[in-house]
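Novice: My structure is stored as protein_15.tsv, with TSV, C-alpha atoms.
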```tsv
chain	number	residue	atom	x	y	z
W	1	MET	CA	-36.48	12.46	18.83
W	2	GLY	CA	-38.42	15.29	20.50
W	3	ARG	CA	-40.27	15.37	23.79
W	4	THR	CA	-43.09	13.05	22.69
W	5	GLY	CA	-40.69	10.43	21.37
W	6	LEU	CA	-38.58	10.55	24.53
W	7	GLU	CA	-41.64	10.21	26.74
W	8	GLN	CA	-42.93	7.25	24.74
W	9	ALA	CA	-39.52	5.58	24.91
W	10	ALA	CA	-39.36	6.11	28.68
W	11	LEU	CA	-42.86	4.79	29.33
W	12	ALA	CA	-42.16	1.74	27.16
W	13	LEU	CA	-39.56	0.74	29.77
W	14	TRP	CA	-41.90	1.32	32.71
W	15	PRO	CA	-43.26	-2.29	32.88
W	16	ARG	CA	-39.75	-3.74	33.18
W	17	LEU	CA	-38.65	-1.13	35.71
W	18	SER	CA	-41.78	-1.55	37.82
W	19	THR	CA	-41.25	-5.33	37.92
W	20	ILE	CA	-37.66	-4.92	39.13
W	21	ALA	CA	-38.77	-2.36	41.74
W	22	GLY	CA	-41.69	-4.51	42.90
W	23	VAL	CA	-44.36	-1.88	42.33
W	24	PRO	CA	-47.59	-2.31	40.35
W	25	ALA	CA	-47.35	-1.26	36.71
W	26	GLU	CA	-50.96	-0.12	36.53
W	27	GLY	CA	-52.52	3.07	37.85
W	28	TYR	CA	-49.57	5.47	37.58
W	29	THR	CA	-49.93	8.85	35.87
W	30	PRO	CA	-46.82	10.43	34.30
W	31	ARG	CA	-45.94	14.13	34.54
W	32	LEU	CA	-43.02	15.81	32.81
W	33	LEU	CA	-40.34	17.17	35.16
W	34	ALA	CA	-37.54	17.95	32.70
W	35	TRP	CA	-36.29	17.14	29.24
W	36	ARG	CA	-33.43	17.95	26.86
W	37	ASP	CA	-33.06	16.99	23.22
W	38	GLU	CA	-29.75	18.28	21.87
W	39	PRO	CA	-27.18	16.82	19.47
W	40	ASP	CA	-24.95	15.56	22.29
W	41	ARG	CA	-27.37	15.27	25.21
W	42	ARG	CA	-30.82	13.75	25.29
W	43	ARG	CA	-32.86	12.87	28.36
W	44	ILE	CA	-36.29	13.02	29.91
W	45	VAL	CA	-37.38	12.90	33.56
W	46	LEU	CA	-40.95	11.93	34.46
W	47	GLU	CA	-42.77	11.90	37.78
W	48	LEU	CA	-45.09	8.90	38.22
W	49	THR	CA	-47.90	9.07	40.78
W	50	ALA	CA	-50.66	6.66	41.76
W	51	PRO	CA	-53.27	6.73	44.56
W	52	GLY	CA	-51.92	5.09	47.70
W	53	GLN	CA	-48.39	4.74	46.31
W	54	PRO	CA	-45.27	6.86	46.94
W	55	PRO	CA	-44.33	9.06	43.96
W	56	LEU	CA	-41.56	7.84	41.69
W	57	VAL	CA	-39.19	9.34	39.13
W	58	LEU	CA	-38.39	7.67	35.81
W	59	LYS	CA	-35.30	8.95	34.01
W	60	LEU	CA	-34.23	8.01	30.48
W	61	ALA	CA	-30.92	9.41	29.17
W	62	PRO	CA	-30.05	7.87	25.77
W	63	LEU	CA	-27.35	10.48	25.02
W	64	PRO	CA	-24.43	10.42	25.61
W	65	ALA	CA	-24.72	6.88	24.20
W	66	ASP	CA	-22.12	5.38	26.53
W	67	PRO	CA	-23.31	2.47	28.72
W	68	ALA	CA	-20.15	2.70	30.83
W	69	LEU	CA	-20.82	6.36	31.57
W	70	PHE	CA	-24.41	5.63	32.57
W	71	ALA	CA	-23.33	2.70	34.76
W	72	GLY	CA	-20.61	4.82	36.36
W	73	SER	CA	-23.07	7.61	37.15
W	74	LEU	CA	-25.52	5.15	38.64
W	75	ALA	CA	-22.79	3.56	40.78
W	76	ALA	CA	-21.66	7.01	41.95
W	77	GLN	CA	-25.20	7.91	43.07
W	78	GLN	CA	-25.52	4.65	45.01
W	79	ALA	CA	-22.06	5.07	46.55
W	80	ALA	CA	-22.89	8.61	47.65
W	81	LEU	CA	-26.07	7.41	49.34
W	82	ARG	CA	-24.13	4.72	51.21
W	83	ALA	CA	-21.43	7.17	52.29
W	84	MET	CA	-23.79	9.95	53.33
W	85	GLY	CA	-26.58	7.84	54.79
W	86	GLY	CA	-29.14	10.14	53.14
W	87	GLY	CA	-29.39	13.21	50.97
W	88	VAL	CA	-29.48	11.21	47.72
W	89	PRO	CA	-32.57	9.60	46.13
W	90	GLN	CA	-32.69	5.82	46.37
W	91	VAL	CA	-32.52	3.97	43.06
W	92	LEU	CA	-35.31	1.37	42.94
W	93	ALA	CA	-34.57	-0.15	39.53
W	94	ALA	CA	-32.18	0.37	36.63
W	95	LEU	CA	-31.74	-0.80	33.05
W	96	PRO	CA	-28.17	0.27	32.23
W	97	GLU	CA	-28.32	-1.09	28.68
W	98	SER	CA	-31.31	1.21	28.04
W	99	HIS	CA	-29.92	4.16	30.05
W	100	ALA	CA	-33.02	4.16	32.27
W	101	LEU	CA	-33.59	4.17	36.01
W	102	LEU	CA	-36.42	4.44	38.51
W	103	MET	CA	-35.90	6.42	41.72
W	104	GLU	CA	-37.83	7.56	44.73
W	105	ARG	CA	-39.34	11.03	44.27
W	106	VAL	CA	-37.81	13.30	46.89
W	107	PRO	CA	-39.82	16.35	47.98
W	108	GLY	CA	-39.22	19.97	47.08
W	109	GLU	CA	-37.99	21.77	43.98
W	110	THR	CA	-34.62	22.27	42.37
W	111	ALA	CA	-32.48	25.01	43.86
W	112	ALA	CA	-32.67	26.74	40.46
W	113	ALA	CA	-36.48	26.86	40.65
W	114	VAL	CA	-36.45	27.98	44.29
W	115	MET	CA	-34.08	30.84	43.50
W	116	GLU	CA	-36.00	31.83	40.39
W	117	GLN	CA	-39.14	32.22	42.53
W	118	ALA	CA	-37.38	34.12	45.34
W	119	THR	CA	-38.79	37.57	46.02
W	120	ARG	CA	-36.43	38.61	48.82
W	121	PRO	CA	-32.62	38.47	49.16
W	122	GLU	CA	-33.00	36.42	52.34
W	123	GLN	CA	-34.62	33.64	50.35
W	124	LEU	CA	-31.61	33.46	48.06
W	125	ASP	CA	-29.33	33.42	51.12
W	126	ASP	CA	-31.26	30.52	52.67
W	127	ALA	CA	-31.24	28.52	49.45
W	128	LEU	CA	-27.52	29.06	48.85
W	129	GLU	CA	-26.71	28.13	52.45
W	130	ALA	CA	-28.73	24.92	52.04
W	131	CYS	CA	-26.81	24.08	48.86
W	132	GLY	CA	-23.54	24.61	50.71
W	133	ARG	CA	-24.75	22.42	53.56
W	134	TRP	CA	-25.45	19.49	51.23
W	135	LEU	CA	-22.11	19.86	49.43
W	136	ALA	CA	-20.23	19.95	52.74
W	137	TRP	CA	-22.09	16.78	53.80
W	138	PHE	CA	-21.07	15.04	50.56
W	139	HIS	CA	-17.44	16.13	50.74
W	140	ALA	CA	-17.14	15.23	54.42
W	141	ALA	CA	-18.58	11.77	53.72
W	142	THR	CA	-16.02	11.24	50.94
W	143	ASP	CA	-13.12	13.15	52.56
W	144	ALA	CA	-9.79	12.48	50.80
W	145	GLY	CA	-7.70	14.73	53.04
W	146	MET	CA	-5.75	17.94	52.61
W	147	ARG	CA	-3.09	18.31	49.95
W	148	ALA	CA	-0.98	20.94	48.23
W	149	TYR	CA	-2.94	22.26	45.28
W	150	ARG	CA	-1.29	21.96	41.86
W	151	PRO	CA	-3.08	23.88	39.09
W	152	ARG	CA	-0.69	22.80	36.33
W	153	ALA	CA	-3.02	20.29	34.66
W	154	VAL	CA	-5.83	22.85	34.51
W	155	CYS	CA	-3.48	25.55	33.20
W	156	ASP	CA	-2.10	23.20	30.54
W	157	HIS	CA	-5.65	22.45	29.40
W	158	LEU	CA	-6.46	26.16	29.27
W	159	ALA	CA	-3.33	26.82	27.20
W	160	ARG	CA	-4.20	24.10	24.68
W	161	GLN	CA	-7.75	25.40	24.43
W	162	ARG	CA	-6.54	29.00	24.04
W	163	ASP	CA	-4.14	27.97	21.28
W	164	ALA	CA	-6.89	26.10	19.44
W	165	VAL	CA	-9.10	29.19	19.55
W	166	ALA	CA	-6.26	31.46	18.42
W	167	ALA	CA	-5.50	29.13	15.48
W	168	GLY	CA	-9.16	28.91	14.49
W	169	ARG	CA	-9.41	25.19	15.24
W	170	ARG	CA	-12.05	25.86	17.88
W	171	GLN	CA	-14.85	28.41	17.71
W	172	VAL	CA	-15.98	30.34	20.78
W	173	PRO	CA	-17.93	33.60	21.01
W	174	LEU	CA	-15.84	36.77	21.31
W	175	ALA	CA	-12.62	34.89	20.72
W	176	ARG	CA	-10.24	37.78	21.47
W	177	GLU	CA	-11.78	38.38	24.89
W	178	PHE	CA	-11.77	34.63	25.54
W	179	ILE	CA	-8.05	34.41	24.75
W	180	ALA	CA	-7.21	37.40	26.96
W	181	LEU	CA	-9.22	35.93	29.84
W	182	SER	CA	-7.52	32.56	29.36
W	183	ASP	CA	-4.10	34.20	29.68
W	184	ARG	CA	-5.16	35.95	32.89
W	185	VAL	CA	-6.50	32.75	34.46
W	186	ILE	CA	-3.37	30.81	33.49
W	187	ALA	CA	-1.24	33.52	35.10
W	188	GLU	CA	-3.30	33.19	38.29
W	189	GLY	CA	-2.17	29.59	38.67
W	190	ALA	CA	1.19	30.59	40.14
W	191	ARG	CA	-0.56	32.45	42.95
W	192	TYR	CA	-2.31	29.27	44.15
W	193	ASP	CA	0.36	26.66	43.39
W	194	GLY	CA	1.35	24.66	46.46
W	195	LEU	CA	-1.23	26.19	48.81
W	196	PRO	CA	-3.49	23.93	50.92
W	197	ALA	CA	-6.64	22.48	49.35
W	198	SER	CA	-9.16	19.94	50.63
W	199	ALA	CA	-10.13	16.95	48.51
W	200	GLY	CA	-13.16	14.70	48.49
W	201	GLY	CA	-15.54	12.90	46.21
W	202	ARG	CA	-16.39	14.86	43.08
W	203	HIS	CA	-20.05	15.20	42.14
W	204	GLY	CA	-19.02	16.19	38.63
W	205	ASP	CA	-22.10	18.18	37.61
W	206	MET	CA	-22.73	20.40	40.60
W	207	ASN	CA	-25.25	23.02	39.51
W	208	LEU	CA	-28.47	24.49	40.88
W	209	ARG	CA	-30.63	22.05	38.87
W	210	ASN	CA	-29.03	19.05	40.56
W	211	LEU	CA	-29.95	19.96	44.13
W	212	MET	CA	-33.49	19.54	45.47
W	213	LEU	CA	-34.59	21.78	48.36
W	214	ALA	CA	-37.64	21.14	50.50
W	215	GLY	CA	-39.31	23.27	53.17
W	216	ASP	CA	-39.53	26.91	54.11
W	217	PRO	CA	-36.94	28.35	54.45
W	218	PRO	CA	-35.45	26.36	51.54
W	219	GLY	CA	-33.63	23.27	52.74
W	220	GLN	CA	-35.38	23.18	56.11
W	221	GLY	CA	-37.24	20.06	54.98
W	222	GLY	CA	-34.20	18.40	53.43
W	223	VAL	CA	-31.70	18.68	50.59
W	224	TRP	CA	-30.89	15.99	48.01
W	225	GLY	CA	-28.23	15.75	45.31
W	226	LEU	CA	-28.95	14.38	41.83
W	227	ASP	CA	-27.18	13.34	38.61
W	228	PHE	CA	-23.70	12.33	39.72
W	229	ALA	CA	-20.83	11.84	37.30
W	230	PRO	CA	-18.79	8.63	37.69
W	231	ALA	CA	-17.06	8.64	41.07
W	232	GLN	CA	-13.61	10.15	41.55
W	233	SER	CA	-11.73	12.15	44.15
W	234	ALA	CA	-10.63	15.69	43.38
W	235	PRO	CA	-9.98	19.05	45.04
W	236	VAL	CA	-13.29	20.35	46.38
W	237	GLY	CA	-13.00	23.52	44.29
W	238	HIS	CA	-14.22	21.62	41.22
W	239	ASP	CA	-17.69	21.20	42.73
W	240	VAL	CA	-17.74	24.47	44.68
W	241	ALA	CA	-16.68	26.58	41.69
W	242	ARG	CA	-19.24	25.06	39.35
W	243	LEU	CA	-22.06	25.62	41.81
W	244	LEU	CA	-21.06	29.15	42.80
W	245	LEU	CA	-20.51	30.37	39.26
W	246	ASN	CA	-23.88	28.92	38.26
W	247	PHE	CA	-25.36	31.04	41.05
W	248	ALA	CA	-23.33	34.10	40.03
W	249	VAL	CA	-24.48	33.90	36.41
W	250	THR	CA	-28.16	33.38	37.18
W	251	CYS	CA	-28.81	35.19	40.45
W	252	THR	CA	-26.36	38.05	41.03
W	253	ASP	CA	-25.86	41.63	39.95
W	254	PRO	CA	-22.25	41.93	38.72
W	255	GLU	CA	-22.14	45.50	40.02
W	256	GLN	CA	-22.27	44.02	43.55
W	257	ILE	CA	-19.08	42.02	42.96
W	258	PRO	CA	-15.94	43.70	44.35
W	259	GLU	CA	-13.01	44.10	41.98
W	260	GLY	CA	-10.84	40.99	42.00
W	261	GLU	CA	-13.69	38.72	43.13
W	262	VAL	CA	-16.18	36.43	41.37
W	263	LEU	CA	-19.20	36.74	43.68
W	264	PRO	CA	-20.73	39.37	45.95
W	265	PRO	CA	-19.64	39.12	49.61
W	266	ARG	CA	-23.23	38.40	50.69
W	267	ALA	CA	-23.45	35.34	48.44
W	268	LEU	CA	-20.10	33.99	49.60
W	269	ALA	CA	-21.08	34.48	53.24
W	270	ALA	CA	-24.38	32.65	52.72
W	271	PHE	CA	-22.74	29.71	50.95
W	272	PHE	CA	-19.95	29.28	53.50
W	273	ARG	CA	-22.42	29.34	56.38
W	274	GLY	CA	-23.52	26.00	55.00
W	275	TYR	CA	-20.31	24.79	53.42
W	276	VAL	CA	-18.27	24.17	56.55
W	277	PHE	CA	-16.04	21.45	55.06
W	278	SER	CA	-13.56	24.06	53.77
W	279	GLY	CA	-13.40	27.83	53.41
W	280	PRO	CA	-12.91	30.53	50.78
W	281	GLU	CA	-9.18	30.44	51.49
W	282	ASP	CA	-8.99	26.90	50.01
W	283	ALA	CA	-6.59	27.20	47.05
W	284	SER	CA	-8.67	25.01	44.74
W	285	ILE	CA	-11.77	27.11	45.37
W	286	GLY	CA	-9.96	30.38	44.74
W	287	PHE	CA	-8.36	29.27	41.47
W	288	LEU	CA	-11.14	27.12	40.06
W	289	LEU	CA	-13.74	29.84	40.59
W	290	ARG	CA	-11.80	31.91	38.08
W	291	ASN	CA	-11.21	28.95	35.79
W	292	GLN	CA	-14.93	28.20	35.80
W	293	ILE	CA	-15.63	31.48	33.98
W	294	ILE	CA	-13.55	30.15	31.09
W	295	ALA	CA	-15.12	26.67	31.30
W	296	ASP	CA	-18.65	28.05	31.09
W	297	TRP	CA	-17.74	30.49	28.31
W	298	ALA	CA	-16.23	27.66	26.25
W	299	ARG	CA	-19.50	25.70	26.45
W	300	ILE	CA	-21.43	28.43	24.64
W	301	PRO	CA	-21.56	27.60	20.90
W	302	ALA	CA	-20.33	30.54	18.82
W	303	ALA	CA	-23.37	30.33	16.52
W	304	ALA	CA	-25.83	30.17	19.43
W	305	ALA	CA	-24.29	33.30	20.95
W	306	LYS	CA	-25.52	35.19	17.88
W	307	SER	CA	-29.06	33.78	17.69
W	308	ASP	CA	-30.09	32.28	21.04
W	309	LEU	CA	-31.33	34.87	23.55
W	310	LEU	CA	-30.66	32.69	26.60
W	311	GLN	CA	-27.09	32.07	25.48
W	312	GLN	CA	-26.63	35.79	24.84
W	313	ILE	CA	-27.79	36.56	28.37
W	314	ARG	CA	-25.47	33.90	29.77
W	315	LEU	CA	-22.50	35.23	27.80
W	316	ALA	CA	-23.19	38.79	28.91
W	317	ALA	CA	-23.23	37.65	32.54
W	318	LEU	CA	-19.94	35.78	32.15
W	319	ARG	CA	-18.29	38.81	30.52
W	320	ALA	CA	-19.47	41.07	33.34
W	321	ILE	CA	-18.19	38.65	36.00
W	322	ALA	CA	-14.86	38.26	34.20
W	323	ARG	CA	-14.40	42.04	34.15
W	324	ARG	CA	-15.06	42.23	37.89
W	325	ALA	CA	-12.63	39.37	38.61
W	326	PHE	CA	-9.98	40.87	36.30
W	327	PRO	CA	-10.54	44.65	36.09
W	328	ASP	CA	-7.58	45.08	33.71
W	329	LEU	CA	-9.60	43.27	31.01
W	330	ARG	CA	-12.18	46.06	30.77
```
Let me see the structure of the file written as structure tokens.
Specialist:
Amino acid sequence: MGRTGLEQAALALWPRLSTIAGVPAEGYTPRLLAWRDEPDRRRIVLELTAPGQPPLVLKLAPLPADPALFAGSLAAQQAALRAMGGGVPQVLAALPESHALLMERVPGETAAAVMEQATRPEQLDDALEACGRWLAWFHAATDAGMRAYRPRAVCDHLARQRDAVAAGRRQVPLAREFIALSDRVIAEGARYDGLPASAGGRHGDMNLRNLMLAGDPPGQGGVWGLDFAPAQSAPVGHDVARLLLNFAVTCTDPEQIPEGEVLPPRALAAFFRGYVFSGPEDASIGFLLRNQIIADWARIPAAAAKSDLLQQIRLAALRAIARRAFPDLR
């Protein structure tokens, strides 16, 4: 469809959304905030501003074309806002059948943008601490208690995926290295089996683009979470690992990572200053941080790893992190 087509489709829904929200349809100027147009994911996010009116955000996400998924994500965002009492944008109007919603525009920039613009290590520390603070708030508000961590389901999935790659049924870049790493992560499961792990609501897509930070230092003026997956409870490591590995891939020097670890000590210290709901000793965090390397690697299309510079950079970072976490793979 392309950016222009997505924007036109989104703005065509604006009159209906504005009526539901009780705001005037006239006088608003759109500005692009983000867009994606890929075979399996298509969405556009627009900021709408008008003199004398609070800014709004219009989001249209026609792919994945699953109304139940869209409705579940919308319900999860609204449930998180109720549980937390803040920290999540308020939804003003929604058209689930069209995969469109209208939200309040929260201040600040995404954590990804804040970190990209950072010029000093302290700025990265502040931003990562703020991200941890929001995630601790969310998990505390949806606390599901402590339980013994069982990695078997994750390990079984990794084994099936590894076997599919080995048999040629699934294509991933650098398949031999991927298989070797899969075996190492599966073997790690025994080390964490039965150890304590905290559980809470699962955001489901916890990355640096889905947290908004306001103020200076970052987060001083507030932090908000965006783009929830349908609500479920899970070990907190699912969210923590996804966020921390996203940071490791985009913002760290692998040479600063000690052998056997996934992140530099400074980054872990900064995150856990904010994330007080659980600690680095949590079994789900320890295991799923290592599993996340495999999960992110598997998302890189084999063809794109040969032709797409951004995917090549991402793959190189994952390989470097994997070799720090598992030095025997070098």
Novice: Could you tell me, as a VMD selection string, which residues have any atom at most 10 Å from (-17.5, 43.2, 32.4), counting all atoms listed in the file?
Specialist: chain W and resid 254 to 255 316 to 327 329 to 330
Novice: May I have the residues from that selection written out with C-alpha atoms, as a short mmCIF file (atom, residue, chain, number, x, y, z; two decimals), keeping the file's coordinate frame?
Specialist:
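Written file, part22.cif:
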```cif
data_model
loop_
_atom_site.label_atom_id
_atom_site.label_comp_id
_atom_site.auth_asym_id
_atom_site.auth_seq_id
_atom_site.Cartn_x
_atom_site.Cartn_y
_atom_site.Cartn_z
CA PRO W 254 -22.25 41.93 38.72
CA GLU W 255 -22.14 45.50 40.02
CA ALA W 316 -23.19 38.79 28.91
CA ALA W 317 -23.23 37.65 32.54
CA LEU W 318 -19.94 35.78 32.15
CA ARG W 319 -18.29 38.81 30.52
CA ALA W 320 -19.47 41.07 33.34
CA ILE W 321 -18.19 38.65 36.00
CA ALA W 322 -14.86 38.26 34.20
CA ARG W 323 -14.40 42.04 34.15
CA ARG W 324 -15.06 42.23 37.89
CA ALA W 325 -12.63 39.37 38.61
CA PHE W 326 -9.98 40.87 36.30
CA PRO W 327 -10.54 44.65 36.09
CA LEU W 329 -9.60 43.27 31.01
CA ARG W 330 -12.18 46.06 30.77
#
```
Novice: So that I can see what lies close to stretch 166-176 of chain W, please list as a list in words the residues with an atom at most 9 Å from it, counting all atoms listed in the file and leaving out residues fewer than 6 positions away in the same chain.
Specialist: Trp297, Ala298, Arg299, Ile300, Pro301, Ala302, Ala303, Ala304, Ala305, Lys306 and Leu315 of chain W
Novice: Find the residue from W:Ala214, W:Leu208, W:Ile44, W:Val185 that sits nearest to W:Gly286; use all atoms listed in the file when measuring.
Specialist: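 Among the listed residues, the smallest separation from W:Gly286 belongs to W:Val185.
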Novice: Env of W:Thr142: 8 Å cut, atoms = all atoms listed in the file, seq-sep filter 6 positions within chain, self excluded. Answer as a PDB file with C-alpha atoms, keeping the file's coordinate frame.
Specialist:
```pdb
ATOM      1  CA  ALA W  83     -21.430   7.170  52.290  1.00  0.00           C
ATOM      2  CA  GLY W 200     -13.160  14.700  48.490  1.00  0.00           C
ATOM      3  CA  GLY W 201     -15.540  12.900  46.210  1.00  0.00           C
TER       4      GLY W 201
END
```
Novice: I'd like the contact shell of stretch 231-248 of chain W - 6 Å cut-off, all atoms listed in the file, skipping same-chain residues fewer than 6 positions apart - returned as a VMD selection string.
Specialist: chain W and resid 76 198 to 202 206 to 207 284 to 285 288 to 289
Novice: Give the answer as one residue: which of W:Ala25, W:Val106, W:Ala10, W:Val88 has the shortest atom-to-atom distance to W:Leu56, using all atoms listed in the file?
Specialist: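 Between W:Ala25, W:Val106, W:Ala10, W:Val88, the residue approaching W:Leu56 most closely is W:Val106.
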Novice: From the list W:Leu58, W:Ala283, W:Val23, W:Ala12, which residue is nearest W:Trp35 when using all atoms listed in the file?
Specialist: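 Of W:Leu58, W:Ala283, W:Val23, W:Ala12, the one nearest W:Trp35, counting all atoms listed in the file, is W:Leu58.
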Novice: Atom CA of W:Asp66 and atom CA of W:Asp37 are how many Å apart?
Specialist: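 Calculated distance between atom CA of W:Asp66 and atom CA of W:Asp37 is 16.3 Å.
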Novice: With only C-alpha atoms as the basis for distance, which of W:Gly222, W:Asn291, W:Arg273, W:Asp40 is at the shortest distance from W:Asp183?
Specialist: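 Counting only C-alpha atoms, the residue closest to W:Asp183 is W:Asn291.
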